[in-house]
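File shown: work_33.txt. Contents: compact mmCIF, C-alpha atoms and all ligand atoms.
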```txt
# COMPACT_ATOMS: atom_id res chain seq x y z
CA MET R 819 92.16 101.25 143.12
CA ASN R 820 94.27 104.12 144.49
CA LEU R 821 97.82 105.41 144.30
CA GLN R 822 98.96 103.10 147.06
CA ASP R 823 97.61 100.05 145.21
CA ALA R 824 99.58 101.13 142.12
CA GLN R 825 102.73 101.58 144.20
CA GLU R 826 102.26 98.13 145.71
CA LEU R 827 102.03 96.65 142.21
CA ASP R 828 105.34 98.35 141.38
CA ALA R 829 106.93 97.05 144.56
CA ALA R 830 105.95 93.50 143.60
CA ASP R 831 106.94 93.85 139.92
CA PRO R 832 109.91 91.59 139.01
CA LEU R 833 110.69 93.89 136.04
CA ALA R 834 110.77 97.07 138.12
CA PRO R 835 114.62 97.23 138.41
CA LEU R 836 114.89 97.52 134.61
CA ARG R 837 113.52 101.06 134.70
CA GLU R 838 116.83 102.14 136.21
CA LEU R 839 118.51 101.25 132.92
CA PHE R 840 116.76 104.20 131.27
CA SER R 841 117.38 107.89 131.49
CA LEU R 842 113.92 109.38 131.97
CA PRO R 843 113.54 113.08 132.74
CA GLU R 844 112.35 113.94 136.24
CA GLY R 845 108.65 114.71 136.41
CA VAL R 846 107.80 113.17 133.04
CA ILE R 847 105.43 110.25 132.59
CA TYR R 848 106.44 108.83 129.25
CA LEU R 849 103.63 107.01 127.45
CA ASP R 850 105.07 107.32 123.95
CA GLY R 851 107.62 104.53 123.75
CA ASN R 852 105.48 103.06 120.96
CA SER R 853 106.56 106.05 118.88
CA LEU R 854 110.09 106.78 120.16
CA GLY R 855 111.55 104.52 122.83
CA ALA R 856 113.26 106.20 125.81
CA MET R 857 117.04 106.51 125.96
CA PRO R 858 118.96 103.80 127.81
CA ARG R 859 121.45 105.25 130.28
CA ALA R 860 124.27 103.25 128.67
CA THR R 861 123.68 104.74 125.20
CA LEU R 862 125.50 107.98 125.81
CA GLU R 863 128.68 106.27 126.89
CA ARG R 864 128.47 103.55 124.22
CA VAL R 865 128.03 106.06 121.43
CA ALA R 866 130.73 108.33 122.90
CA ARG R 867 133.10 105.35 122.93
CA ALA R 868 132.32 104.63 119.30
CA VAL R 869 132.85 108.28 118.37
CA GLU R 870 135.98 108.98 120.38
CA GLY R 871 137.73 105.63 120.37
CA GLU R 872 136.57 103.78 117.31
CA TRP R 873 136.15 106.69 114.92
CA GLY R 874 138.41 109.31 116.54
CA LYS R 875 141.38 107.07 117.28
CA GLY R 876 140.79 103.94 115.24
CA LEU R 877 139.77 105.88 112.13
CA ILE R 878 139.18 103.74 109.09
CA SER R 879 140.83 100.67 110.61
CA SER R 880 137.78 100.34 112.87
CA TRP R 881 135.87 98.77 109.98
CA ASN R 882 138.06 95.74 110.72
CA THR R 883 139.21 96.19 114.30
CA ALA R 884 136.01 97.45 115.97
CA GLY R 885 133.70 95.00 114.21
CA TRP R 886 131.91 97.72 112.25
CA MET R 887 131.62 95.57 109.17
CA ASP R 888 129.44 92.90 110.72
CA LEU R 889 127.55 95.17 113.11
CA PRO R 890 124.33 94.97 110.99
CA GLN R 891 124.42 91.18 111.38
CA ARG R 892 125.34 91.21 115.07
CA VAL R 893 122.54 93.64 115.85
CA GLY R 894 120.30 91.52 113.61
CA ASP R 895 121.09 88.45 115.71
CA LYS R 896 119.85 90.27 118.82
CA ILE R 897 116.63 91.25 117.07
CA ALA R 898 116.23 87.66 115.85
CA GLN R 899 115.84 86.53 119.47
CA LEU R 900 112.77 88.75 119.82
CA ILE R 901 110.91 87.69 116.68
CA GLY R 902 111.40 83.93 116.47
CA ALA R 903 114.15 84.10 113.86
CA LYS R 904 117.46 82.23 113.90
CA PRO R 905 120.97 83.68 114.10
CA GLY R 906 122.10 84.93 110.71
CA GLU R 907 118.56 85.56 109.45
CA VAL R 908 118.13 89.25 110.33
CA VAL R 909 120.06 92.38 109.41
CA ALA R 910 119.64 95.86 110.85
CA THR R 911 119.75 98.26 107.94
CA ASP R 912 118.03 101.19 106.26
CA SER R 913 114.60 102.42 107.40
CA THR R 914 111.37 100.50 107.83
CA SER R 915 109.98 102.11 104.68
CA VAL R 916 113.03 101.18 102.60
CA ASN R 917 113.09 97.62 103.94
CA LEU R 918 109.41 97.26 103.15
CA TYR R 919 110.08 98.39 99.60
CA LYS R 920 112.84 95.81 99.26
CA VAL R 921 110.90 92.85 100.62
CA LEU R 922 107.64 93.72 98.89
CA HIS R 923 109.40 94.11 95.57
CA CYS R 924 111.25 90.86 96.20
CA ALA R 925 108.07 88.96 97.13
CA SER R 926 106.28 90.38 94.09
CA GLN R 927 109.09 89.22 91.80
CA LEU R 928 108.93 85.73 93.31
CA GLN R 929 105.21 85.63 92.61
CA LEU R 930 105.65 86.92 89.05
CA THR R 931 107.74 83.80 88.44
CA ASP R 932 105.75 81.29 90.47
CA ALA R 933 102.16 82.48 90.02
CA PRO R 934 102.09 85.14 87.26
CA SER R 935 98.30 85.37 87.18
CA LYS R 936 98.15 86.59 90.78
CA ARG R 937 98.41 90.36 90.73
CA ILE R 938 96.88 91.54 93.99
CA ILE R 939 98.72 92.84 97.04
CA LEU R 940 96.26 92.67 99.91
CA THR R 941 96.52 94.98 102.88
CA GLU R 942 94.53 96.75 105.57
CA ILE R 943 93.04 100.11 104.63
CA ASP R 944 94.15 101.52 107.97
CA ASN R 945 97.71 100.28 107.61
CA PHE R 946 100.41 102.86 108.43
CA PRO R 947 100.59 105.31 105.49
CA THR R 948 104.18 104.51 104.54
CA ASP R 949 103.17 100.86 104.07
CA LEU R 950 100.33 101.91 101.77
CA TYR R 951 102.50 104.34 99.82
CA ILE R 952 105.34 101.84 99.34
CA ALA R 953 102.86 99.19 98.21
CA GLN R 954 101.39 101.68 95.73
CA SER R 955 104.87 102.18 94.20
CA VAL R 956 105.59 98.48 93.97
CA CYS R 957 102.20 97.93 92.33
CA GLU R 958 102.87 100.65 89.75
CA GLN R 959 106.35 99.36 89.02
CA LEU R 960 105.50 95.67 88.70
CA GLY R 961 101.92 95.72 87.42
CA PHE R 962 100.13 94.67 90.62
CA SER R 963 97.02 96.21 92.18
CA LEU R 964 96.64 97.11 95.83
CA ARG R 965 93.50 95.83 97.51
CA ALA R 966 93.00 97.56 100.87
CA VAL R 967 90.20 96.26 103.08
CA LYS R 968 89.14 96.77 106.68
CA GLY R 969 91.22 94.88 109.24
CA GLU R 970 88.37 92.58 110.20
CA ASP R 971 87.84 91.63 106.53
CA ILE R 972 91.41 90.55 105.81
CA GLU R 973 90.98 86.80 106.29
CA ALA R 974 87.94 86.65 104.03
CA ALA R 975 89.73 88.74 101.39
CA ILE R 976 92.55 86.20 101.04
CA THR R 977 91.51 84.45 97.83
CA ASN R 978 93.38 82.72 95.02
CA GLU R 979 93.90 86.04 93.21
CA VAL R 980 96.04 87.39 96.04
CA ALA R 981 99.80 87.28 95.49
CA ILE R 982 100.93 88.91 98.73
CA VAL R 983 99.34 89.66 102.07
CA MET R 984 101.14 92.68 103.52
CA LEU R 985 100.10 93.66 107.02
CA THR R 986 101.28 95.55 110.05
CA HIS R 987 100.94 93.00 112.82
CA THR R 988 99.83 95.55 115.44
CA ASN R 989 97.81 98.46 114.08
CA TYR R 990 99.45 101.81 114.83
CA ARG R 991 96.17 103.58 115.59
CA THR R 992 94.12 101.06 117.52
CA GLY R 993 96.77 98.62 118.70
CA ARG R 994 94.72 95.73 117.27
CA ILE R 995 96.84 92.63 116.61
CA HIS R 996 96.24 90.56 113.50
CA ASN R 997 96.13 86.83 113.96
CA MET R 998 99.50 86.06 112.41
CA PRO R 999 99.26 82.23 112.52
CA HIS R 1000 95.78 82.12 110.92
CA ILE R 1001 96.45 84.77 108.31
CA THR R 1002 99.80 83.29 107.31
CA ALA R 1003 98.33 79.79 107.06
CA ARG R 1004 95.36 81.00 105.01
CA ALA R 1005 97.65 83.02 102.73
CA HIS R 1006 99.75 79.93 102.07
CA VAL R 1007 96.70 77.76 101.35
CA HIS R 1008 95.82 80.30 98.66
CA GLY R 1009 99.36 80.45 97.28
CA ALA R 1010 100.10 83.94 98.66
CA LEU R 1011 103.25 85.14 100.41
CA THR R 1012 103.15 87.15 103.63
CA VAL R 1013 105.00 90.36 104.49
CA TRP R 1014 104.70 91.43 108.13
CA ASP R 1015 105.53 94.89 109.45
CA LEU R 1016 106.50 94.33 113.10
CA ALA R 1017 107.02 98.03 113.94
CA HIS R 1018 104.61 97.90 116.89
CA SER R 1019 105.26 94.28 117.86
CA ALA R 1020 109.01 93.65 118.00
CA GLY R 1021 110.11 94.10 121.60
CA ALA R 1022 106.54 94.59 122.79
CA MET R 1023 105.26 91.01 122.59
CA GLU R 1024 106.36 87.54 121.64
CA VAL R 1025 106.52 87.04 117.89
CA ASP R 1026 107.50 83.70 116.36
CA LEU R 1027 108.08 84.04 112.64
CA HIS R 1028 109.34 80.48 112.21
CA ALA R 1029 106.45 78.94 114.12
CA VAL R 1030 103.97 80.55 111.72
CA HIS R 1031 106.14 79.93 108.62
CA ALA R 1032 106.00 83.61 107.67
CA ASP R 1033 107.75 84.69 104.48
CA PHE R 1034 109.15 88.19 105.09
CA ALA R 1035 109.20 90.63 107.98
CA ILE R 1036 110.51 94.10 108.62
CA GLY R 1037 110.34 96.41 111.63
CA CYS R 1038 111.43 99.51 113.37
CA GLY R 1039 114.46 100.14 115.60
CA TYR R 1040 113.33 103.28 117.40
CA LYS R 1041 110.13 102.16 119.11
CA TYR R 1042 110.25 99.21 121.51
CA LEU R 1043 113.90 98.46 120.61
CA ASN R 1044 114.98 101.85 122.01
CA GLY R 1045 117.50 102.51 119.25
CA GLY R 1046 117.03 106.29 119.17
CA PRO R 1047 115.44 108.67 116.68
CA GLY R 1048 115.68 107.33 113.13
CA ALA R 1049 117.45 104.15 114.30
CA PRO R 1050 118.12 101.56 111.60
CA ALA R 1051 115.27 99.16 110.94
CA PHE R 1052 115.46 95.39 110.41
CA VAL R 1053 114.61 92.84 107.76
CA TRP R 1054 114.06 89.09 107.82
CA MET R 1055 113.15 86.50 105.22
CA HIS R 1056 112.44 82.84 105.70
CA PRO R 1057 115.51 80.85 104.60
CA ARG R 1058 113.33 78.90 102.13
CA HIS R 1059 113.37 82.04 99.93
CA ALA R 1060 117.05 82.79 100.39
CA SER R 1061 118.41 81.26 97.22
CA ARG R 1062 115.89 82.94 94.90
CA ALA R 1063 115.25 86.28 96.62
CA ARG R 1064 116.38 89.37 94.70
CA GLN R 1065 115.94 92.84 96.02
CA PRO R 1066 115.72 95.99 93.91
CA LEU R 1067 118.32 98.12 95.72
CA SER R 1068 121.33 96.08 94.68
CA GLY R 1069 123.99 98.13 96.42
CA TRP R 1070 127.54 97.03 96.99
CA LEU R 1071 127.12 95.94 100.61
CA GLY R 1072 124.50 93.42 99.55
CA HIS R 1073 127.08 91.97 97.16
CA ALA R 1074 128.67 88.58 97.84
CA LYS R 1075 132.18 90.11 97.75
CA PRO R 1076 132.01 93.89 98.05
CA PHE R 1077 135.76 94.30 98.25
CA ASP R 1078 136.35 92.48 94.99
CA PHE R 1079 134.92 95.64 93.37
CA SER R 1080 133.71 93.57 90.46
CA HIS R 1081 131.62 95.15 87.71
CA ASP R 1082 128.66 92.85 88.09
CA TYR R 1083 126.28 92.38 90.96
CA ALA R 1084 126.21 89.00 92.66
CA PRO R 1085 124.01 88.89 95.77
CA ALA R 1086 125.45 87.90 99.12
CA SER R 1087 124.04 84.72 100.58
CA GLY R 1088 121.08 84.94 102.92
CA ILE R 1089 119.69 88.10 104.43
CA THR R 1090 122.88 90.14 103.85
CA ARG R 1091 121.70 90.61 100.26
CA PHE R 1092 119.04 92.93 101.68
CA MET R 1093 121.72 95.41 102.65
CA CYS R 1094 122.43 98.24 100.28
CA GLY R 1095 125.03 100.86 101.26
CA THR R 1096 127.46 101.64 104.08
CA PRO R 1097 125.91 100.96 107.51
CA PRO R 1098 125.35 103.96 109.83
CA ILE R 1099 127.72 102.79 112.58
CA LEU R 1100 126.85 105.39 115.22
CA SER R 1101 123.12 104.73 114.86
CA LEU R 1102 123.70 100.99 114.85
CA THR R 1103 125.76 101.36 118.03
CA ALA R 1104 122.85 103.13 119.73
CA LEU R 1105 120.45 100.44 118.49
CA ASP R 1106 122.81 97.72 119.74
CA CYS R 1107 122.71 99.36 123.16
CA GLY R 1108 118.91 99.67 123.02
CA LEU R 1109 118.70 95.94 122.32
CA ASP R 1110 121.10 95.05 125.12
CA THR R 1111 118.86 97.06 127.44
CA LEU R 1112 115.79 95.16 126.24
CA LEU R 1113 117.59 91.82 126.43
CA ALA R 1114 118.46 92.63 130.05
CA ALA R 1115 114.87 91.49 130.68
CA LEU R 1116 115.84 87.89 129.81
CA PRO R 1117 116.86 86.89 133.36
CA HIS R 1118 113.62 88.50 134.58
CA GLY R 1119 111.35 86.36 132.39
CA GLY R 1120 112.09 87.91 128.98
CA MET R 1121 109.39 88.74 126.46
CA ALA R 1122 106.79 86.60 128.25
CA ALA R 1123 107.21 88.66 131.43
CA LEU R 1124 107.26 91.93 129.48
CA ARG R 1125 104.06 90.98 127.68
CA LYS R 1126 102.37 90.00 130.94
CA LYS R 1127 103.20 93.37 132.44
CA SER R 1128 102.17 95.20 129.26
CA VAL R 1129 98.75 93.53 129.43
CA ALA R 1130 98.40 94.44 133.11
CA LEU R 1131 99.31 98.09 132.40
CA THR R 1132 96.91 98.44 129.48
CA GLU R 1133 94.09 96.67 131.40
CA MET R 1134 94.58 99.03 134.30
CA PHE R 1135 94.59 102.08 132.04
CA ILE R 1136 91.40 101.07 130.24
CA ALA R 1137 89.57 100.26 133.48
CA GLN R 1138 90.62 103.53 135.12
CA VAL R 1139 89.80 105.76 132.13
CA GLU R 1140 86.41 104.13 131.71
CA SER R 1141 85.50 104.36 135.38
CA ARG R 1142 87.08 107.67 136.42
CA CYS R 1143 86.84 109.64 133.17
CA ALA R 1144 83.33 108.47 132.24
CA GLY R 1145 81.05 111.18 130.80
CA PHE R 1146 83.83 113.02 128.95
CA ASP R 1147 83.18 111.55 125.48
CA LEU R 1148 86.20 109.25 125.38
CA THR R 1149 85.53 106.03 123.47
CA LEU R 1150 87.87 103.04 123.55
CA VAL R 1151 88.99 102.01 120.06
CA SER R 1152 91.58 99.46 121.10
CA PRO R 1153 90.37 95.89 121.49
CA ARG R 1154 88.93 95.18 124.92
CA GLU R 1155 90.24 91.61 124.68
CA SER R 1156 93.89 91.79 125.77
CA ALA R 1157 94.99 88.97 123.47
CA GLN R 1158 94.04 91.18 120.52
CA ARG R 1159 95.70 94.31 121.86
CA GLY R 1160 99.31 95.46 121.55
CA SER R 1161 101.15 97.55 124.12
CA GLN R 1162 99.09 100.70 123.53
CA VAL R 1163 95.60 101.93 124.30
CA SER R 1164 93.72 104.36 122.08
CA PHE R 1165 90.61 106.38 122.72
CA THR R 1166 88.76 108.74 120.42
CA HIS R 1167 87.31 112.09 121.31
CA PRO R 1168 84.87 113.66 118.83
CA THR R 1169 86.41 117.15 118.72
CA GLN R 1170 89.25 117.78 121.19
CA GLY R 1171 91.60 114.82 120.90
CA TYR R 1172 94.60 116.84 119.76
CA ALA R 1173 94.10 119.57 122.37
CA ILE R 1174 93.62 117.06 125.20
CA ILE R 1175 96.94 115.44 124.31
CA GLN R 1176 98.67 118.85 124.24
CA ALA R 1177 97.26 119.68 127.67
CA LEU R 1178 98.47 116.32 129.00
CA ILE R 1179 101.95 116.90 127.58
CA ALA R 1180 102.00 120.31 129.28
CA ARG R 1181 101.34 118.45 132.54
CA GLY R 1182 104.30 116.14 131.85
CA VAL R 1183 102.29 113.15 130.59
CA VAL R 1184 103.73 112.48 127.15
CA ASP R 1185 101.51 110.65 124.67
CA ASP R 1186 100.37 111.43 121.13
CA PHE R 1187 97.52 112.13 118.75
CA ARG R 1188 96.79 110.42 115.46
CA ALA R 1189 94.41 112.11 113.03
CA PRO R 1190 91.52 112.29 112.78
CA ASP R 1191 90.52 111.76 116.41
CA ILE R 1192 92.76 109.26 118.23
CA LEU R 1193 94.45 109.78 121.60
CA ARG R 1194 97.22 107.20 121.80
CA PHE R 1195 98.87 105.99 125.00
CA GLY R 1196 101.85 103.62 124.78
CA PHE R 1197 103.05 101.41 127.63
CA THR R 1198 106.61 100.11 127.57
CA PRO R 1199 106.84 97.49 130.30
CA LEU R 1200 110.61 97.94 130.57
CA TYR R 1201 110.17 101.35 132.13
CA THR R 1202 106.48 102.21 132.58
CA ARG R 1203 105.34 101.84 136.19
CA TYR R 1204 101.85 101.12 137.51
CA GLU R 1205 102.21 104.41 139.34
CA ASP R 1206 102.70 106.14 135.97
CA VAL R 1207 99.37 104.76 134.83
CA TRP R 1208 97.75 106.09 137.96
CA GLN R 1209 99.34 109.54 137.58
CA ALA R 1210 98.42 109.69 133.88
CA ILE R 1211 94.77 109.08 134.76
CA GLU R 1212 94.90 111.79 137.44
CA ALA R 1213 96.26 114.22 134.83
CA LEU R 1214 93.71 113.16 132.21
CA LEU R 1215 90.87 113.63 134.66
CA ALA R 1216 92.16 117.06 135.65
CA VAL R 1217 92.47 118.12 131.98
CA LEU R 1218 88.94 116.93 131.20
CA GLN R 1219 87.37 118.45 134.31
CA SER R 1220 89.09 121.81 134.01
CA ARG R 1221 88.59 121.94 130.20
CA GLU R 1222 92.06 123.44 130.03
CA TYR R 1223 92.44 121.86 126.56
CA LEU R 1224 90.39 124.82 125.29
CA LYS R 1225 93.35 127.16 125.85
CA PRO R 1226 94.53 128.60 122.52
CA GLU R 1227 98.05 127.15 122.86
CA PHE R 1228 96.65 123.61 122.99
CA GLN R 1229 94.43 124.16 119.95
CA GLN R 1230 97.38 125.08 117.71
CA ARG R 1231 98.54 122.07 115.59
CA LYS R 1232 102.29 121.40 115.61
CA ALA R 1233 104.11 119.73 112.70
CA VAL R 1234 104.58 116.47 114.61
CA THR R 1235 101.50 115.36 116.53
C1 LIG R 1301 103.64 100.39 111.12
C2 LIG R 1301 104.71 101.37 110.80
N1 LIG R 1301 105.50 101.13 109.76
C3 LIG R 1301 106.50 102.01 109.45
C4 LIG R 1301 106.70 103.16 110.19
C5 LIG R 1301 107.74 104.19 109.88
O1 LIG R 1301 108.64 103.86 108.94
P1 LIG R 1301 110.01 104.67 108.87
O2 LIG R 1301 110.81 104.30 110.06
O3 LIG R 1301 110.59 104.26 107.59
O4 LIG R 1301 109.69 106.13 108.94
C6 LIG R 1301 105.89 103.41 111.29
C7 LIG R 1301 106.12 104.62 112.11
O5 LIG R 1301 105.54 104.89 113.09
C8 LIG R 1301 104.86 102.50 111.60
O6 LIG R 1301 104.05 102.73 112.62
```
Would you put the structure from the file into C-alpha cells?
Amino acid sequence: MNLQDAQELDAADPLAPLRELFSLPEGVIYLDGNSLGAMPRATLERVARAVEGEWGKGLISSWNTAGWMDLPQRVGDKIAQLIGAKPGEVVATDSTSVNLYKVLHCASQLQLTDAPSKRIILTEIDNFPTDLYIAQSVCEQLGFSLRAVKGEDIEAAITNEVAIVMLTHTNYRTGRIHNMPHITARAHVHGALTVWDLAHSAGAMEVDLHAVHADFAIGCGYKYLNGGPGAPAFVWMHPRHASRARQPLSGWLGHAKPFDFSHDYAPASGITRFMCGTPPILSLTALDCGLDTLLAALPHGGMAALRKKSVALTEMFIAQVESRCAGFDLTLVSPRESAQRGSQVSFTHPTQGYAIIQALIARGVVDDFRAPDILRFGFTPLYTRYEDVWQAIEALLAVLQSREYLKPEFQQRKAVT
C-alpha cells in the first residue's frame, strides 16, 4: 500500500463528504476523537445563536419560546436513534460519572427489593476508573461488594450471587468490545441487572439496547457524539423498570411537576426522573449540533456505513504499523478480530509510550497515552481519512527511526496525557 492507494480509498469513500462538516485545523491529523470529538463547523453559529438570540434577546422567556425546557429530551431522542432506544427513553443530562451513579444506585435499590441476598456488583478490573470509583461508592452506601475480574473472565463470573453486571461496552484502553447480547442474557438468567457504559460505543458502532433487553445504559456526549468538551452525557433505562426506578439525586427537574413547587418529591414519568437540576442549555445546544452532524451520515448509510469504514481504518492502521514499524517494540493490545474491536487501536511500548505520543503530537498527529504503557489511536469515520492513516504511519515511523522521542521536552509528563 502507498499514499496513492490511500487517496484512492478516500476518493471512493461514500462518507468522505461528511468531513467537510467539521472544522479541523490545517496540518493536523486528528486521531483522538475517541477522547474529544472534533468541532462541527455549524457549532459556532448554533451556539452563537443560542447566546445572542435566545439568551441575549429572549432572556428568561426562552425557557418556553426557544424550547429550552425539553432540550434534554429532544437531544435524548437523537441519541436514542444511535443506541437502539425508542423516542422518549433517553435524556441528555449531567456527566457520565453522575449518570452512572444514578443508574447504579437505582439498579442496586431494585435488587435490594427483588433479590436482597444478591450483594455483588460485577465489573471488569480494567474498567474506566470513574466507573470503578462510582461503583465503590454505591457499594459502600448500599452494602454491596464490588467484584472486579479480567474482561475475559466476566461471563464465567456471572453467578447467582451477582446483583448487577456493570460494564463499559468498549474498553477505553484496548478497544475490546464485550459481547453485549451474551452477557446481558447470561446476567438475566442469573437474576442480575445490566448497566452498560457506552462512552466508547455510542456513535462509533451500532448498539441495540432493546434487541439485547439491556436494563440501563449511560454514555458520553463529547467523544463520538462531538458535543464539545464536558458535553452533557446521556442516560437510558428499559421501560420495564420505569414505574419502579428511583434515583438518588432527586432534584426538582426530575419531579413530575417542577413548577408546582410542592414540598414533596414525586418522580416524573419515564427517563425524565433521571434529571436533577437545570439543564446546561449552551452545552446541550452544542451537543445537539454534534448529533445533527453525526446524523447527517444517515443518508450515506448511517451507523452501518460508519462502522464499516471504522473497521477498514483500524484494519489498515494495524496492518501498516505491524509491517512498516516492525522491530520497534510496539505490541498490539487491541483485538486483532475486528468484530471485537471498537473504533480505536492501541499498542504498548515497554518504556517510551508517552514520549512517542508527544513526539507524534509535535508532528501534528494527535493521539494519546494511557498509563502505564498504552499508545491509543482513535479513528472517527465521520472525518478520519484513509490518507490520515497513511500520514500517521509515516510520522510514527519517522519518530521511531529518528528516536526523537528521547528529546527532554517529550519525556516531561503533562497533566493531561
Ligand atoms: C468509559 C468511560 N466512562 C466515563 C468516562 C468519563 O466520565 P465523565 O464524562 O463523567 O468524566 C470516560 C472518559 O473517558 C470513559 O472512557
Write as a ChimeraX atom specification the residues around ligand LIG 1301 (chain R), taking 10 Å as the cut-off and counting all atoms listed in the file.
/R:852-854,912-919,945-950,985-991,1014-1019,1036-1041,1047-1051
Straight-line distance linking atom CA of Ala866 of chain R with atom CA of Gly1120 of chain R, stated in Å to one decimal:
28.3 Å
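Ranking R:Val983, R:Leu922, R:Leu940, R:Ile1136 by their shortest atom-to-atom distance to Val956 of chain R, with only C-alpha atoms included, puts R:Leu922 first.
Restricting the calculation to all atoms listed in the file, the smallest distance between Met1134 of chain R and any of R:Leu862, R:Val980, R:Val1025, R:Met819 is found for R:Met819.
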R:Gly1009, R:Gly885, R:Pro1153, R:Gly969 ranked by distance to Ser935 of chain R, top pick (using only C-alpha atoms):
R:Gly1009
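Minimum atom-to-atom distance to Val1163 of chain R, evaluated using only C-alpha atoms, belongs to R:Val1151 out of R:Ala974, R:Leu1100, R:Val1151, R:Met1093.
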Need to verify the contact set: Ala1022 of chain R, 12 Å, all atoms listed in the file, exclusion of same-chain residues closer than 2 positions in sequence. Can you return it as an mmCIF file with C-alpha atoms, in the coordinates of the input?
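Now in around-v8.cif:
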```cif
data_model
loop_
_atom_site.group_PDB
_atom_site.id
_atom_site.type_symbol
_atom_site.label_atom_id
_atom_site.label_comp_id
_atom_site.auth_asym_id
_atom_site.auth_seq_id
_atom_site.Cartn_x
_atom_site.Cartn_y
_atom_site.Cartn_z
ATOM 1 C CA GLY R 851 107.620 104.530 123.750
ATOM 2 C CA ASN R 852 105.480 103.060 120.960
ATOM 3 C CA GLY R 855 111.550 104.520 122.830
ATOM 4 C CA LEU R 900 112.770 88.750 119.820
ATOM 5 C CA ILE R 901 110.910 87.690 116.680
ATOM 6 C CA HIS R 987 100.940 93.000 112.820
ATOM 7 C CA THR R 988 99.830 95.550 115.440
ATOM 8 C CA GLY R 993 96.770 98.620 118.700
ATOM 9 C CA ILE R 995 96.840 92.630 116.610
ATOM 10 C CA LEU R 1016 106.500 94.330 113.100
ATOM 11 C CA ALA R 1017 107.020 98.030 113.940
ATOM 12 C CA HIS R 1018 104.610 97.900 116.890
ATOM 13 C CA SER R 1019 105.260 94.280 117.860
ATOM 14 C CA ALA R 1020 109.010 93.650 118.000
ATOM 15 C CA GLU R 1024 106.360 87.540 121.640
ATOM 16 C CA VAL R 1025 106.520 87.040 117.890
ATOM 17 C CA GLY R 1037 110.340 96.410 111.630
ATOM 18 C CA CYS R 1038 111.430 99.510 113.370
ATOM 19 C CA LYS R 1041 110.130 102.160 119.110
ATOM 20 C CA TYR R 1042 110.250 99.210 121.510
ATOM 21 C CA LEU R 1043 113.900 98.460 120.610
ATOM 22 C CA ASN R 1044 114.980 101.850 122.010
ATOM 23 C CA LEU R 1112 115.790 95.160 126.240
ATOM 24 C CA LEU R 1113 117.590 91.820 126.430
ATOM 25 C CA ALA R 1115 114.870 91.490 130.680
ATOM 26 C CA GLY R 1120 112.090 87.910 128.980
ATOM 27 C CA MET R 1121 109.390 88.740 126.460
ATOM 28 C CA ALA R 1122 106.790 86.600 128.250
ATOM 29 C CA ALA R 1123 107.210 88.660 131.430
ATOM 30 C CA LEU R 1124 107.260 91.930 129.480
ATOM 31 C CA ARG R 1125 104.060 90.980 127.680
ATOM 32 C CA LYS R 1126 102.370 90.000 130.940
ATOM 33 C CA LYS R 1127 103.200 93.370 132.440
ATOM 34 C CA SER R 1128 102.170 95.200 129.260
ATOM 35 C CA VAL R 1129 98.750 93.530 129.430
ATOM 36 C CA ARG R 1159 95.700 94.310 121.860
ATOM 37 C CA GLY R 1160 99.310 95.460 121.550
ATOM 38 C CA SER R 1161 101.150 97.550 124.120
ATOM 39 C CA GLN R 1162 99.090 100.700 123.530
ATOM 40 C CA GLY R 1196 101.850 103.620 124.780
ATOM 41 C CA PHE R 1197 103.050 101.410 127.630
ATOM 42 C CA THR R 1198 106.610 100.110 127.570
ATOM 43 C CA PRO R 1199 106.840 97.490 130.300
ATOM 44 C CA LEU R 1200 110.610 97.940 130.570
#
```
Of the candidates R:Arg1062, R:His1081, R:His1008, R:His1000, which one gets nearest to Ala1032 of chain R if we count all atoms listed in the file?
R:His1000
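Closest approach to Arg867 of chain R among R:Ala1086, R:Ala884, R:Gly906, R:Ser926 is made by R:Ala884 (distances from all atoms listed in the file).
In this structure, atom CA of Leu821 of chain R sits 16.9 Å away from atom CA of Val846 of chain R.
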Distance query segment 1168-1179 of chain R at most 10 Å, only C-alpha atoms, self and fewer than 4 positions along chain excluded, as a PyMOL selection string:
chain R and resi 846-848+1147-1149+1183-1195+1210-1211+1213-1218+1221-1232+1235
Go ahead and write the selection's residues with C-alpha atoms as an mmCIF file, in the coordinates of the input.
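The file below, part07.cif, is the result:
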```cif
data_model
loop_
_atom_site.group_PDB
_atom_site.id
_atom_site.type_symbol
_atom_site.label_atom_id
_atom_site.label_comp_id
_atom_site.auth_asym_id
_atom_site.auth_seq_id
_atom_site.Cartn_x
_atom_site.Cartn_y
_atom_site.Cartn_z
ATOM 1 C CA VAL R 846 107.800 113.170 133.040
ATOM 2 C CA ILE R 847 105.430 110.250 132.590
ATOM 3 C CA TYR R 848 106.440 108.830 129.250
ATOM 4 C CA ASP R 1147 83.180 111.550 125.480
ATOM 5 C CA LEU R 1148 86.200 109.250 125.380
ATOM 6 C CA THR R 1149 85.530 106.030 123.470
ATOM 7 C CA VAL R 1183 102.290 113.150 130.590
ATOM 8 C CA VAL R 1184 103.730 112.480 127.150
ATOM 9 C CA ASP R 1185 101.510 110.650 124.670
ATOM 10 C CA ASP R 1186 100.370 111.430 121.130
ATOM 11 C CA PHE R 1187 97.520 112.130 118.750
ATOM 12 C CA ARG R 1188 96.790 110.420 115.460
ATOM 13 C CA ALA R 1189 94.410 112.110 113.030
ATOM 14 C CA PRO R 1190 91.520 112.290 112.780
ATOM 15 C CA ASP R 1191 90.520 111.760 116.410
ATOM 16 C CA ILE R 1192 92.760 109.260 118.230
ATOM 17 C CA LEU R 1193 94.450 109.780 121.600
ATOM 18 C CA ARG R 1194 97.220 107.200 121.800
ATOM 19 C CA PHE R 1195 98.870 105.990 125.000
ATOM 20 C CA ALA R 1210 98.420 109.690 133.880
ATOM 21 C CA ILE R 1211 94.770 109.080 134.760
ATOM 22 C CA ALA R 1213 96.260 114.220 134.830
ATOM 23 C CA LEU R 1214 93.710 113.160 132.210
ATOM 24 C CA LEU R 1215 90.870 113.630 134.660
ATOM 25 C CA ALA R 1216 92.160 117.060 135.650
ATOM 26 C CA VAL R 1217 92.470 118.120 131.980
ATOM 27 C CA LEU R 1218 88.940 116.930 131.200
ATOM 28 C CA ARG R 1221 88.590 121.940 130.200
ATOM 29 C CA GLU R 1222 92.060 123.440 130.030
ATOM 30 C CA TYR R 1223 92.440 121.860 126.560
ATOM 31 C CA LEU R 1224 90.390 124.820 125.290
ATOM 32 C CA LYS R 1225 93.350 127.160 125.850
ATOM 33 C CA PRO R 1226 94.530 128.600 122.520
ATOM 34 C CA GLU R 1227 98.050 127.150 122.860
ATOM 35 C CA PHE R 1228 96.650 123.610 122.990
ATOM 36 C CA GLN R 1229 94.430 124.160 119.950
ATOM 37 C CA GLN R 1230 97.380 125.080 117.710
ATOM 38 C CA ARG R 1231 98.540 122.070 115.590
ATOM 39 C CA LYS R 1232 102.290 121.400 115.610
ATOM 40 C CA THR R 1235 101.500 115.360 116.530
#
```
